[in-house]
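Enquirer: If it helps, the file is called entry-v6.cif and holds mmCIF, C-alpha atoms:
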```cif
data_my_file
#
loop_
_atom_site.label_atom_id
_atom_site.label_comp_id
_atom_site.auth_asym_id
_atom_site.auth_seq_id
_atom_site.Cartn_x
_atom_site.Cartn_y
_atom_site.Cartn_z
CA MET Y 1 0.00 0.00 0.00
CA LYS Y 2 2.89 2.38 0.82
CA ASN Y 3 4.59 1.74 -2.56
CA GLN Y 4 1.29 2.27 -4.34
CA LYS Y 5 0.75 5.61 -2.57
CA LYS Y 6 4.32 6.69 -3.35
CA ALA Y 7 3.84 5.87 -7.00
CA ILE Y 8 0.62 7.92 -7.12
CA VAL Y 9 2.31 10.98 -5.57
CA LEU Y 10 5.35 10.74 -7.87
CA GLY Y 11 3.07 10.41 -10.88
CA ILE Y 12 1.15 13.55 -9.94
CA THR Y 13 4.41 15.43 -9.28
CA ALA Y 14 5.89 14.46 -12.64
CA THR Y 15 2.77 15.49 -14.48
CA MET Y 16 2.71 18.90 -12.83
CA LEU Y 17 6.44 19.51 -13.43
CA MET Y 18 6.49 18.58 -17.11
CA PRO Y 19 5.62 22.10 -18.45
CA VAL Y 20 8.51 23.61 -16.49
CA CYS Y 21 11.11 21.57 -18.36
CA PHE Y 22 10.31 23.32 -21.65
CA ASN Y 23 10.52 26.99 -20.42
CA GLY Y 24 13.77 28.97 -20.18
CA GLY Y 25 14.93 32.22 -18.66
CA THR Y 26 15.18 33.74 -15.23
CA ALA Y 27 11.61 35.02 -15.04
CA GLU Y 28 10.34 31.71 -16.09
CA ALA Y 29 12.50 29.98 -13.43
CA ALA Y 30 11.18 32.23 -10.69
CA ALA Y 31 7.64 31.60 -11.74
CA ALA Y 32 8.40 27.91 -11.86
CA ASP Y 33 9.72 27.99 -8.30
CA THR Y 34 6.45 29.53 -7.19
CA ASP Y 35 4.49 26.93 -9.11
CA VAL Y 36 6.61 24.12 -7.64
CA ALA Y 37 5.94 25.30 -4.11
CA ALA Y 38 2.21 25.49 -4.80
CA MET Y 39 2.23 22.09 -6.38
CA GLN Y 40 4.23 20.67 -3.47
CA ALA Y 41 1.62 22.03 -1.08
CA GLU Y 42 -1.13 20.53 -3.19
CA ILE Y 43 0.71 17.21 -3.28
CA ASN Y 44 1.05 17.25 0.50
CA ASP Y 45 -2.67 17.96 0.75
CA LEU Y 46 -3.46 15.12 -1.66
CA THR Y 47 -1.20 12.80 0.33
CA ALA Y 48 -3.02 13.67 3.55
CA ARG Y 49 -6.41 13.19 1.88
CA LEU Y 50 -5.28 9.83 0.46
CA THR Y 51 -4.15 8.73 3.89
CA ASP Y 52 -7.54 9.74 5.36
CA LEU Y 53 -9.34 7.81 2.62
CA GLU Y 54 -7.23 4.72 3.33
CA ASN Y 55 -7.99 4.95 7.05
CA SER Y 56 -11.70 5.43 6.35
CA LEU Y 57 -11.69 2.44 3.99
CA ALA Y 58 -9.97 0.25 6.57
CA ALA Y 59 -12.47 1.31 9.24
CA ALA Y 60 -15.40 0.63 6.89
CA LYS Y 61 -14.05 -2.84 6.05
CA GLU Y 62 -13.58 -3.62 9.74
CA LYS Y 63 -17.14 -2.49 10.49
CA GLN Y 64 -18.46 -4.56 7.58
CA GLU Y 65 -16.63 -7.69 8.77
CA ALA Y 66 -17.91 -7.16 12.31
CA ALA Y 67 -21.49 -6.88 11.00
CA LYS Y 68 -21.06 -10.06 8.97
CA SER Y 69 -19.66 -11.92 11.97
CA GLU Y 70 -22.52 -10.72 14.18
CA LYS Y 71 -25.10 -11.73 11.55
CA LYS Y 72 -23.46 -15.15 11.17
CA ALA Y 73 -23.36 -15.66 14.93
CA LYS Y 74 -27.06 -14.79 15.22
CA LYS Y 75 -27.89 -17.14 12.37
CA GLU Y 76 -25.94 -20.01 13.94
CA ALA Y 77 -27.23 -19.43 17.48
CA PRO Y 78 -29.78 -22.01 18.69
CA THR Y 79 -33.36 -20.83 18.12
CA LEU Y 80 -36.23 -22.28 20.12
CA LYS Y 81 -39.25 -23.36 18.11
CA TRP Y 82 -42.40 -23.54 20.19
CA SER Y 83 -45.39 -25.73 19.45
CA GLY Y 84 -48.22 -27.36 21.33
CA SER Y 85 -51.82 -28.43 21.43
CA THR Y 86 -54.92 -28.37 23.60
CA LYS Y 87 -57.80 -30.80 23.85
CA SER Y 88 -61.03 -30.42 25.80
CA GLY Y 89 -64.18 -32.46 25.68
CA TYR Y 90 -67.01 -34.36 27.30
CA MET Y 91 -67.35 -38.18 27.36
CA TYR Y 92 -70.41 -40.21 28.33
CA ASP Y 93 -70.11 -43.99 28.70
CA GLU Y 94 -72.02 -47.18 29.62
CA THR Y 95 -71.84 -46.39 33.33
CA LYS Y 96 -74.10 -43.40 32.62
CA THR Y 97 -71.34 -41.18 33.90
CA GLY Y 98 -69.99 -38.09 32.23
CA LYS Y 99 -66.35 -37.07 32.23
CA ILE Y 100 -64.94 -33.65 31.49
CA LYS Y 101 -61.47 -34.06 29.99
CA ALA Y 102 -58.84 -31.41 29.31
CA GLU Y 103 -55.27 -31.69 28.09
CA ALA Y 104 -52.49 -29.30 27.06
CA LYS Y 105 -49.02 -29.86 25.62
CA ILE Y 106 -46.20 -27.33 25.42
CA LEU Y 107 -43.18 -28.39 23.37
CA ALA Y 108 -39.90 -26.70 22.43
CA THR Y 109 -37.23 -27.84 19.96
CA THR Y 110 -33.91 -26.41 18.82
CA VAL Y 111 -30.73 -27.33 16.92
CA VAL Y 112 -27.38 -27.01 18.71
CA ASP Y 113 -24.15 -26.47 16.71
CA LYS Y 114 -25.97 -27.40 13.49
CA THR Y 115 -25.67 -31.00 14.66
CA TYR Y 116 -27.87 -31.97 17.59
CA ASP Y 117 -31.65 -31.80 17.78
CA VAL Y 118 -32.91 -31.09 21.29
CA GLY Y 119 -36.54 -31.31 22.41
CA VAL Y 120 -38.29 -30.71 25.72
CA GLY Y 121 -41.96 -30.62 26.60
CA LEU Y 122 -44.61 -30.97 29.28
CA LYS Y 123 -48.11 -32.40 29.24
CA PHE Y 124 -50.91 -31.29 31.58
CA LYS Y 125 -54.01 -33.45 31.92
CA SER Y 126 -57.18 -33.12 33.97
CA THR Y 127 -60.19 -35.47 34.19
CA SER Y 128 -63.30 -34.77 36.24
CA SER Y 129 -66.01 -37.43 36.65
CA GLU Y 130 -69.61 -36.71 37.55
CA PRO Y 131 -71.27 -38.42 40.59
CA ASN Y 132 -72.75 -41.86 39.88
CA ASP Y 133 -74.63 -44.48 41.96
CA GLY Y 134 -74.23 -42.49 45.14
CA LYS Y 135 -70.48 -42.05 44.61
CA TYR Y 136 -68.81 -38.69 44.88
CA SER Y 137 -67.36 -37.01 41.84
CA SER Y 138 -63.66 -37.52 41.27
CA GLU Y 139 -60.88 -35.52 39.73
CA LYS Y 140 -57.42 -36.45 38.46
CA ASN Y 141 -54.70 -33.99 37.56
CA LYS Y 142 -51.38 -35.00 36.05
CA VAL Y 143 -48.23 -33.26 34.89
CA LYS Y 144 -45.88 -35.36 32.77
CA LEU Y 145 -42.55 -34.95 31.06
CA GLU Y 146 -43.77 -35.32 27.47
CA GLN Y 147 -40.30 -35.30 25.90
CA ALA Y 148 -36.68 -34.59 26.76
CA TYR Y 149 -34.35 -35.93 24.07
CA VAL Y 150 -31.22 -35.35 22.02
CA GLY Y 151 -31.08 -36.48 18.39
CA ARG Y 152 -28.50 -36.54 15.62
CA SER Y 153 -28.25 -37.67 12.01
CA PHE Y 154 -25.48 -39.92 10.71
CA GLY Y 155 -26.16 -39.97 6.99
CA PRO Y 156 -29.34 -42.03 6.44
CA VAL Y 157 -29.54 -42.96 10.15
CA TYR Y 158 -31.19 -40.69 12.70
CA VAL Y 159 -30.69 -41.59 16.36
CA LYS Y 160 -32.53 -40.17 19.35
CA ALA Y 161 -31.99 -40.73 23.07
CA GLY Y 162 -34.20 -39.71 25.99
CA THR Y 163 -37.87 -39.29 26.77
CA GLN Y 164 -39.80 -39.31 23.51
CA THR Y 165 -42.94 -40.42 21.65
CA VAL Y 166 -42.93 -43.90 20.11
CA THR Y 167 -45.53 -45.16 17.62
CA LEU Y 168 -45.60 -48.49 15.80
CA GLY Y 169 -47.95 -49.29 12.93
CA GLU Y 170 -51.38 -47.72 13.36
CA GLY Y 171 -50.89 -47.55 17.14
CA LEU Y 172 -52.92 -50.60 18.17
CA TRP Y 173 -50.18 -51.83 20.52
CA LEU Y 174 -47.88 -48.85 20.91
CA SER Y 175 -48.52 -45.14 20.55
CA LYS Y 176 -47.13 -43.44 23.62
CA SER Y 177 -45.27 -40.34 24.75
CA SER Y 178 -43.04 -40.05 27.84
CA VAL Y 179 -41.20 -43.26 26.91
CA ASN Y 180 -37.53 -43.53 27.84
CA GLN Y 181 -35.84 -44.95 24.77
CA PHE Y 182 -32.80 -45.03 22.53
CA THR Y 183 -34.19 -45.17 18.99
CA ALA Y 184 -32.70 -45.35 15.52
CA ASN Y 185 -34.48 -44.63 12.24
CA TYR Y 186 -32.64 -45.95 9.18
CA LYS Y 187 -33.80 -44.70 5.78
CA MET Y 188 -32.64 -47.70 3.78
CA THR Y 189 -34.06 -46.41 0.47
CA PRO Y 190 -36.49 -43.58 -0.37
CA ARG Y 191 -39.31 -46.11 0.21
CA ASP Y 192 -37.92 -48.43 2.91
CA THR Y 193 -37.44 -47.58 6.57
CA LEU Y 194 -36.15 -49.56 9.55
CA TYR Y 195 -37.08 -48.25 13.00
CA ALA Y 196 -35.79 -49.75 16.26
CA GLY Y 197 -35.79 -48.86 19.94
CA TYR Y 198 -34.54 -50.09 23.30
CA GLY Y 199 -35.25 -48.80 26.80
CA ARG Y 200 -37.97 -48.59 29.42
CA ASP Y 201 -41.66 -47.88 29.12
CA SER Y 202 -43.33 -44.78 30.56
CA GLN Y 203 -42.71 -43.58 34.10
CA ASP Y 204 -46.50 -43.56 34.46
CA TYR Y 205 -46.08 -47.13 35.66
CA LEU Y 206 -46.44 -47.31 39.43
CA VAL Y 207 -43.49 -48.34 41.56
CA ASN Y 208 -43.17 -52.00 42.51
CA ASP Y 209 -42.15 -52.95 46.02
CA THR Y 210 -38.74 -54.51 45.37
CA ASN Y 211 -38.44 -55.69 48.97
CA LYS Y 212 -40.91 -58.50 48.32
CA ASP Y 213 -39.96 -61.65 46.44
CA TYR Y 214 -43.29 -61.86 44.61
CA ASN Y 215 -42.91 -58.38 43.12
CA PRO Y 216 -40.91 -57.82 39.91
CA PRO Y 217 -37.56 -56.10 40.52
CA SER Y 218 -38.29 -53.22 38.14
CA ARG Y 219 -40.03 -49.89 38.47
CA THR Y 220 -40.73 -49.75 34.75
CA ARG Y 221 -40.84 -52.53 32.19
CA LEU Y 222 -38.33 -53.34 29.49
CA LEU Y 223 -39.54 -52.05 26.12
CA LYS Y 224 -37.77 -52.93 22.87
CA PHE Y 225 -38.93 -53.17 19.28
CA ALA Y 226 -37.97 -53.26 15.60
CA GLN Y 227 -40.20 -52.22 12.71
CA TYR Y 228 -39.85 -52.35 8.92
CA GLN Y 229 -42.07 -50.28 6.61
CA HIS Y 230 -42.29 -50.01 2.82
CA ASP Y 231 -44.00 -47.02 1.21
CA PHE Y 232 -45.69 -47.84 -2.09
CA ALA Y 233 -46.97 -44.31 -2.74
CA LYS Y 234 -48.45 -41.38 -0.83
CA ASP Y 235 -50.70 -42.75 1.96
CA ALA Y 236 -50.02 -46.31 0.75
CA TYR Y 237 -47.69 -48.39 2.92
CA ALA Y 238 -47.30 -51.71 4.70
CA GLY Y 239 -45.06 -52.95 7.49
CA LEU Y 240 -44.40 -55.38 10.30
CA TYR Y 241 -42.85 -55.20 13.75
CA PHE Y 242 -41.60 -57.30 16.66
CA GLY Y 243 -41.40 -56.10 20.23
CA THR Y 244 -41.28 -56.83 23.94
CA GLN Y 245 -42.92 -55.03 26.82
CA GLN Y 246 -41.87 -57.12 29.77
CA PRO Y 247 -43.15 -59.82 30.09
CA GLU Y 248 -45.31 -59.56 26.94
CA ARG Y 249 -43.97 -60.33 23.45
CA TYR Y 250 -45.68 -58.83 20.42
CA PHE Y 251 -45.74 -59.34 16.66
CA GLY Y 252 -47.75 -57.13 14.35
CA ILE Y 253 -48.49 -56.31 10.72
CA TYR Y 254 -50.22 -53.22 9.37
CA GLY Y 255 -50.98 -51.26 6.25
CA SER Y 256 -52.91 -48.43 4.66
CA THR Y 257 -53.93 -47.57 1.10
CA PRO Y 258 -56.30 -45.28 -0.82
CA ILE Y 259 -59.17 -47.07 -2.58
CA VAL Y 260 -60.77 -44.43 -4.79
CA GLY Y 261 -60.85 -40.65 -4.50
CA LYS Y 262 -60.88 -39.65 -0.83
CA LEU Y 263 -61.84 -43.15 0.35
CA GLY Y 264 -59.12 -45.24 1.99
CA ILE Y 265 -58.61 -48.25 4.25
CA ARG Y 266 -56.16 -49.07 7.03
CA ALA Y 267 -55.69 -52.10 9.27
CA GLU Y 268 -53.42 -53.59 11.93
CA TYR Y 269 -53.11 -57.02 13.51
CA VAL Y 270 -51.13 -57.71 16.69
CA ARG Y 271 -50.45 -60.96 18.58
CA ASN Y 272 -49.14 -61.42 22.11
CA THR Y 273 -47.14 -64.67 22.24
CA ASN Y 274 -46.63 -64.69 26.02
CA LYS Y 275 -48.94 -67.43 27.35
CA ASN Y 276 -48.06 -67.13 31.04
CA LYS Y 277 -50.03 -64.15 32.32
CA PRO Y 278 -49.08 -63.07 35.86
CA PHE Y 279 -51.77 -62.24 38.40
CA GLN Y 280 -52.20 -58.62 39.45
CA VAL Y 281 -49.66 -57.68 42.11
CA GLU Y 282 -50.70 -55.56 45.09
CA ASN Y 283 -48.69 -53.52 47.54
CA LYS Y 284 -48.76 -53.87 51.35
CA LYS Y 285 -52.02 -51.90 51.52
CA GLY Y 286 -53.75 -54.21 49.06
CA THR Y 287 -53.74 -51.69 46.24
CA SER Y 288 -52.90 -52.76 42.70
CA ILE Y 289 -49.54 -51.47 41.49
CA GLY Y 290 -50.37 -51.93 37.81
CA TYR Y 291 -48.42 -55.12 37.09
CA GLY Y 292 -50.26 -58.28 36.10
CA TYR Y 293 -53.86 -59.26 35.23
CA ASP Y 294 -57.04 -59.61 37.27
CA TYR Y 295 -58.08 -62.75 35.34
CA THR Y 296 -55.62 -65.44 34.17
CA GLY Y 297 -55.52 -69.14 33.36
CA ALA Y 298 -56.20 -69.40 29.61
CA ASN Y 299 -52.47 -69.85 28.96
CA LYS Y 300 -52.64 -69.09 25.26
CA ASN Y 301 -51.70 -66.42 22.76
CA THR Y 302 -53.92 -63.37 22.65
CA GLN Y 303 -54.55 -61.19 19.62
CA GLY Y 304 -56.39 -58.18 18.31
CA TYR Y 305 -57.01 -56.27 15.12
CA VAL Y 306 -58.56 -53.08 13.81
CA ILE Y 307 -59.94 -52.33 10.34
CA GLY Y 308 -60.97 -48.82 9.39
CA LEU Y 309 -62.52 -47.11 6.37
CA ASN Y 310 -61.86 -43.39 6.13
CA TYR Y 311 -63.19 -40.69 3.85
CA GLY Y 312 -61.45 -37.31 3.64
CA LYS Y 313 -59.30 -35.50 6.20
CA ALA Y 314 -60.07 -32.48 8.35
CA LYS Y 315 -56.93 -30.42 7.71
CA LYS Y 316 -57.87 -27.05 6.22
CA LYS Y 317 -60.75 -24.86 7.36
CA GLY Y 318 -64.08 -26.23 6.15
CA THR Y 319 -62.82 -29.76 5.38
CA PHE Y 320 -64.07 -32.88 7.13
CA GLY Y 321 -63.20 -36.54 7.63
CA ILE Y 322 -65.26 -39.61 8.53
CA THR Y 323 -63.85 -42.92 9.80
CA ALA Y 324 -65.75 -46.14 10.46
CA GLU Y 325 -63.78 -48.88 12.20
CA TYR Y 326 -64.17 -52.33 13.69
CA LEU Y 327 -62.03 -53.56 16.62
CA ASN Y 328 -61.70 -57.09 17.97
CA VAL Y 329 -59.29 -57.32 20.90
CA ASP Y 330 -58.92 -60.36 23.17
CA GLN Y 331 -58.97 -60.20 26.93
CA ASN Y 332 -55.42 -59.84 28.32
CA LEU Y 333 -53.86 -58.66 25.05
CA PHE Y 334 -52.42 -55.68 26.90
CA MET Y 335 -51.40 -55.52 30.54
CA ASP Y 336 -51.57 -51.73 30.52
CA ASP Y 337 -54.10 -50.10 28.18
CA SER Y 338 -52.45 -46.67 28.32
CA TYR Y 339 -50.00 -47.54 25.51
CA THR Y 340 -52.55 -48.15 22.75
CA ASP Y 341 -53.90 -45.30 20.64
CA TRP Y 342 -57.39 -46.50 21.69
CA ASP Y 343 -56.64 -46.07 25.39
CA ASP Y 344 -60.05 -44.47 26.03
CA TYR Y 345 -61.75 -47.74 25.02
CA ILE Y 346 -59.53 -50.83 25.12
CA THR Y 347 -58.79 -52.40 28.52
CA ALA Y 348 -57.51 -55.77 29.76
CA LYS Y 349 -61.16 -56.94 29.62
CA GLY Y 350 -61.01 -56.93 25.84
CA PHE Y 351 -62.99 -54.93 23.32
CA LYS Y 352 -65.19 -55.93 20.38
CA GLY Y 353 -67.35 -53.57 18.37
CA PHE Y 354 -67.71 -50.67 15.98
CA GLY Y 355 -66.71 -47.05 16.10
CA LEU Y 356 -67.58 -43.93 14.13
CA ILE Y 357 -65.39 -40.81 14.15
CA MET Y 358 -66.42 -37.53 12.53
CA ASP Y 359 -64.00 -34.60 12.30
CA TYR Y 360 -64.61 -31.05 11.07
CA ALA Y 361 -61.88 -28.41 10.73
CA THR Y 362 -63.29 -25.19 12.19
CA SER Y 363 -60.06 -23.44 11.14
CA ASP Y 364 -56.63 -24.42 9.81
CA HIS Y 365 -55.48 -25.27 13.35
CA THR Y 366 -58.66 -26.28 15.19
CA LYS Y 367 -60.91 -29.32 14.90
CA LEU Y 368 -64.24 -30.46 16.32
CA SER Y 369 -64.63 -34.23 16.68
CA LEU Y 370 -67.43 -36.62 17.63
CA LEU Y 371 -66.49 -40.21 18.51
CA ARG Y 372 -69.12 -42.90 19.08
CA TYR Y 373 -68.44 -46.57 19.92
CA TRP Y 374 -70.85 -49.51 20.17
CA ALA Y 375 -69.04 -52.48 21.70
CA HIS Y 376 -68.75 -54.97 24.55
CA THR Y 377 -65.95 -56.58 26.54
CA ASN Y 378 -64.39 -59.72 25.08
CA PRO Y 379 -63.69 -62.14 27.96
CA ASP Y 380 -62.28 -65.67 27.77
CA GLY Y 381 -64.07 -68.14 30.10
CA ALA Y 382 -60.77 -69.88 30.83
CA ASN Y 383 -59.47 -66.78 32.59
CA VAL Y 384 -60.51 -66.56 36.24
CA ASP Y 385 -59.72 -64.35 39.20
CA GLU Y 386 -58.18 -65.49 42.51
CA GLU Y 387 -61.60 -66.76 43.65
CA GLY Y 388 -62.15 -68.80 40.49
CA HIS Y 389 -64.71 -66.52 38.87
CA SER Y 390 -64.53 -65.64 35.18
CA LEU Y 391 -65.37 -62.24 33.72
CA GLU Y 392 -68.87 -61.79 32.30
CA LYS Y 393 -69.44 -60.05 29.01
CA SER Y 394 -70.70 -56.50 29.50
CA PRO Y 395 -71.60 -53.58 27.19
CA HIS Y 396 -68.97 -51.01 26.44
CA TYR Y 397 -70.13 -47.90 24.62
CA SER Y 398 -69.23 -44.25 24.77
CA THR Y 399 -69.84 -40.87 23.13
CA TYR Y 400 -67.01 -38.34 23.12
CA LEU Y 401 -67.27 -34.76 21.86
CA LYS Y 402 -63.97 -32.90 21.84
CA PHE Y 403 -62.35 -29.76 20.48
CA THR Y 404 -58.62 -29.71 19.68
CA THR Y 405 -56.19 -26.98 18.72
CA LYS Y 406 -52.61 -27.01 17.44
CA PHE Y 407 -50.16 -24.15 17.49
#
```
Output the structure of this file as structure tokens.
Expert:
Amino acid sequence: MKNQKKAIVLGITATMLMPVCFNGGTAEAAAADTDVAAMQAEINDLTARLTDLENSLAAAKEKQEAAKSEKKAKKEAPTLKWSGSTKSGYMYDETKTGKIKAEAKILATTVVDKTYDVGVGLKFKSTSSEPNDGKYSSEKNKVKLEQAYVGRSFGPVYVKAGTQTVTLGEGLWLSKSSVNQFTANYKMTPRDTLYAGYGRDSQDYLVNDTNKDYNPPSRTRLLKFAQYQHDFAKDAYAGLYFGTQQPERYFGIYGSTPIVGKLGIRAEYVRNTNKNKPFQVENKKGTSIGYGYDYTGANKNTQGYVIGLNYGKAKKKGTFGITAEYLNVDQNLFMDDSYTDWDDYITAKGFKGFGLIMDYATSDHTKLSLLRYWAHTNPDGANVDEEGHSLEKSPHYSTYLKFTTKF
């Protein structure tokens, strides 16, 4: 930069002195001396101005680089993305009892160092039951850790560790949040996916008394699974899975496909291959701790399936969807009914009957739904309680009107 500035000054000086070289005489020399002094002063002024311009340019570049660095740092800084949902409704069932149900989820996700996905979230749930048969009304309030995980991609494999939501197939066996798992999702091809997980089931499970020999030595149950799915086209897929939820062992197949226009069909079949069903375990106060069955003895595989016809989807404002489904679930297919997507209906008593679901999108992010089920329990006479009595078949129906929002 110094050599360049020197060359500029010398060039200007030479240009200004050139006329002097072709004039002679004393008068001319005196005038030339005056001109040289003036030009020298002008050169000094130009040199000072050039130096100021160079300093200003350097300061501007420094400011520009600082602005770029600040903008880059802001762009790379982790940004929280908030989402959530609410659900409120009224359910009336075969006990001629109404329940007011409310639920809210608040979730936050971010990306750290352009590498790690991080998610946290809470779920708030409240259920109030009306008085029935001389019994007082009841109320349950729960706060759960919905998710708390870290995830990362390794090429076609995405791994996630921590509390998260796990869903297999159409959710007949497993569709549950707050599950402590290490999962891996491998995108084998654009149409083939392998999904696997290993860990514990939800902390909703009550604590077992490990000081007693007849109680299992675990506070939660082992949960592991592997699922393969092939996508044929949009909304057309099929898959199968294997899994264990201690002590139960499950195998399932599922699929979904459009039929014509907005009409489609979906189905899932699941089998529990554990034949030795443990009796319900109680704590020292005689209260069930949520492990085991009230009726056992059949000593055979249990199974269940769901088939559903659906027309349309309630996604955008003014759209609607209708689903008609049939469920046939054996007694003792599931030890804990809170893991199935039909947890409002299916219990260890079994479930057999029809359901009708009607959805209407009141806006792009809100939906009004009416769910109606006509069914009955599905007991096996070979299963008896501790006194040798089997479970009698009983009606199981319900009507549920709910309003949901997503944000």
Enquirer: Using the chain letters and numbers from the file, give me the residues hit by the PyMOL selection byres ((chain Y and resi 194) around 9), as a VMD selection string.
Expert: chain Y and resid 184 to 188 192 to 193 195 to 196 226 to 229
Enquirer: Residues within 10 Å of (-66.3, -38.4, 39.8), file coordinates, counting all atoms listed in the file: what are they? Give the list as number ranges by chain.
Expert: Y: 97-100, 127-132, 135-140
Enquirer: Applying the PyMOL selection byres ((chain Y and resi 313-325) around 8) to the file I just gave you, which residues come out? Please list them as a PyMOL selection string.
Expert: chain Y and resi 306-312+326-327+354-365+367
Enquirer: Could you tell me how far atom CA of Y:Arg249 sits from atom CA of Y:Lys300, in Å to one decimal place?
Expert: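 The value is 12.5 Å.
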Enquirer: Do you know which residues the PyMOL selection byres ((chain Y and resi 394) around 8) returns on this file, as number ranges by chain?
Expert: Y: 376-377, 392-393, 395-396
Enquirer: When you draw a straight line from atom CA of Y:Trp342 to atom CA of Y:Thr399, how long is it in Å?
Expert: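 Calculated distance between atom CA of Y:Trp342 and atom CA of Y:Thr399 is 13.7 Å.
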Enquirer: Go through Y:Phe403, Y:Tyr345, Y:Thr189, Y:Glu386 one by one, measure the shortest atom-to-atom distance of each to Y:Asp93 using only C-alpha atoms, and give the residue with the smallest value.
Expert: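 For Y:Asp93, the nearest of the candidates is Y:Tyr345.
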Enquirer: Between Y:Thr79, Y:Asp336, Y:Tyr293, Y:Val270, which is the closest to Y:Lys114 once you count all atoms listed in the file?
Expert: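 For Y:Lys114, the nearest of the given residues is Y:Thr79.
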Enquirer: Could you list, as a PyMOL selection string, every residue within 9 Å of stretch 103-111 of chain Y, counting all atoms listed in the file and ignoring same-chain residues fewer than 2 positions away?
Expert: chain Y and resi 77-88+101+113-127+146-147
Enquirer: Please write the residues from the selection above to a file, keeping C-alpha atoms, as a JSON list (two decimals), in the coordinates of the input.
Expert:
```
[["chain", "number", "residue", "atom", "x", "y", "z"],
["Y", 77, "ALA", "CA", -27.23, -19.43, 17.48],
["Y", 78, "PRO", "CA", -29.78, -22.01, 18.69],
["Y", 79, "THR", "CA", -33.36, -20.83, 18.12],
["Y", 80, "LEU", "CA", -36.23, -22.28, 20.12],
["Y", 81, "LYS", "CA", -39.25, -23.36, 18.11],
["Y", 82, "TRP", "CA", -42.40, -23.54, 20.19],
["Y", 83, "SER", "CA", -45.39, -25.73, 19.45],
["Y", 84, "GLY", "CA", -48.22, -27.36, 21.33],
["Y", 85, "SER", "CA", -51.82, -28.43, 21.43],
["Y", 86, "THR", "CA", -54.92, -28.37, 23.60],
["Y", 87, "LYS", "CA", -57.80, -30.80, 23.85],
["Y", 88, "SER", "CA", -61.03, -30.42, 25.80],
["Y", 101, "LYS", "CA", -61.47, -34.06, 29.99],
["Y", 113, "ASP", "CA", -24.15, -26.47, 16.71],
["Y", 114, "LYS", "CA", -25.97, -27.40, 13.49],
["Y", 115, "THR", "CA", -25.67, -31.00, 14.66],
["Y", 116, "TYR", "CA", -27.87, -31.97, 17.59],
["Y", 117, "ASP", "CA", -31.65, -31.80, 17.78],
["Y", 118, "VAL", "CA", -32.91, -31.09, 21.29],
["Y", 119, "GLY", "CA", -36.54, -31.31, 22.41],
["Y", 120, "VAL", "CA", -38.29, -30.71, 25.72],
["Y", 121, "GLY", "CA", -41.96, -30.62, 26.60],
["Y", 122, "LEU", "CA", -44.61, -30.97, 29.28],
["Y", 123, "LYS", "CA", -48.11, -32.40, 29.24],
["Y", 124, "PHE", "CA", -50.91, -31.29, 31.58],
["Y", 125, "LYS", "CA", -54.01, -33.45, 31.92],
["Y", 126, "SER", "CA", -57.18, -33.12, 33.97],
["Y", 127, "THR", "CA", -60.19, -35.47, 34.19],
["Y", 146, "GLU", "CA", -43.77, -35.32, 27.47],
["Y", 147, "GLN", "CA", -40.30, -35.30, 25.90]]
```
Enquirer: Which residue out of Y:Ser338, Y:Ser177, Y:Asn383, Y:Thr347 has the minimum interatomic distance to Y:Pro278 when all atoms listed in the file are used?
Expert: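 Comparing Y:Ser338, Y:Ser177, Y:Asn383, Y:Thr347 against Y:Pro278, the winner is Y:Asn383.
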Enquirer: What does the distance from atom CA of Y:Ala238 to atom CA of Y:Thr273 come to in Å, to one decimal?
Expert: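 Computing the Euclidean distance for atom CA of Y:Ala238 and atom CA of Y:Thr273 yields 21.8 Å.
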Enquirer: Measuring atom to atom with all atoms listed in the file, identify which of Y:Phe334, Y:Tyr269, Y:Tyr397, Y:Tyr254 is nearest to Y:Tyr291.
Expert: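 For Y:Tyr291, the nearest of the given residues is Y:Phe334.
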Enquirer: (-43.2, -37.7, 31.4) in this file's frame - what residues fall within 6 Å of it? Use all atoms listed in the file and give the answer as a list in words.
Expert: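 Within the cut-off we find Lys144, Leu145, Glu146 and Ser178 of chain Y.
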Enquirer: When distances are computed from only C-alpha atoms, which of Y:Tyr250, Y:Phe225, Y:Phe242, Y:Tyr237 shows the smallest separation from Y:Gly264?
Expert: Y:Tyr237
Enquirer: Will you give me stretch 257-261 of chain Y, written with N, CA, C and O atoms and laid out as a CSV table (one decimal), in the first residue's frame?
Expert:
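The result, written out as out.csv:
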```
chain,number,residue,atom,x,y,z
Y,257,THR,N,-54.0,-47.9,2.5
Y,257,THR,CA,-53.9,-47.6,1.1
Y,257,THR,C,-55.2,-46.8,0.7
Y,257,THR,O,-56.3,-47.1,1.3
Y,258,PRO,N,-55.1,-45.9,-0.2
Y,258,PRO,CA,-56.3,-45.3,-0.8
Y,258,PRO,C,-57.0,-46.3,-1.7
Y,258,PRO,O,-56.4,-47.2,-2.3
Y,259,ILE,N,-58.4,-46.2,-1.7
Y,259,ILE,CA,-59.2,-47.1,-2.6
Y,259,ILE,C,-59.6,-46.3,-3.9
Y,259,ILE,O,-59.3,-46.7,-5.0
Y,260,VAL,N,-60.3,-45.3,-3.7
Y,260,VAL,CA,-60.8,-44.4,-4.8
Y,260,VAL,C,-61.1,-43.0,-4.3
Y,260,VAL,O,-61.7,-42.9,-3.2
Y,261,GLY,N,-60.6,-42.0,-4.9
Y,261,GLY,CA,-60.9,-40.7,-4.5
Y,261,GLY,C,-60.4,-40.4,-3.1
Y,261,GLY,O,-59.2,-40.7,-2.8
```
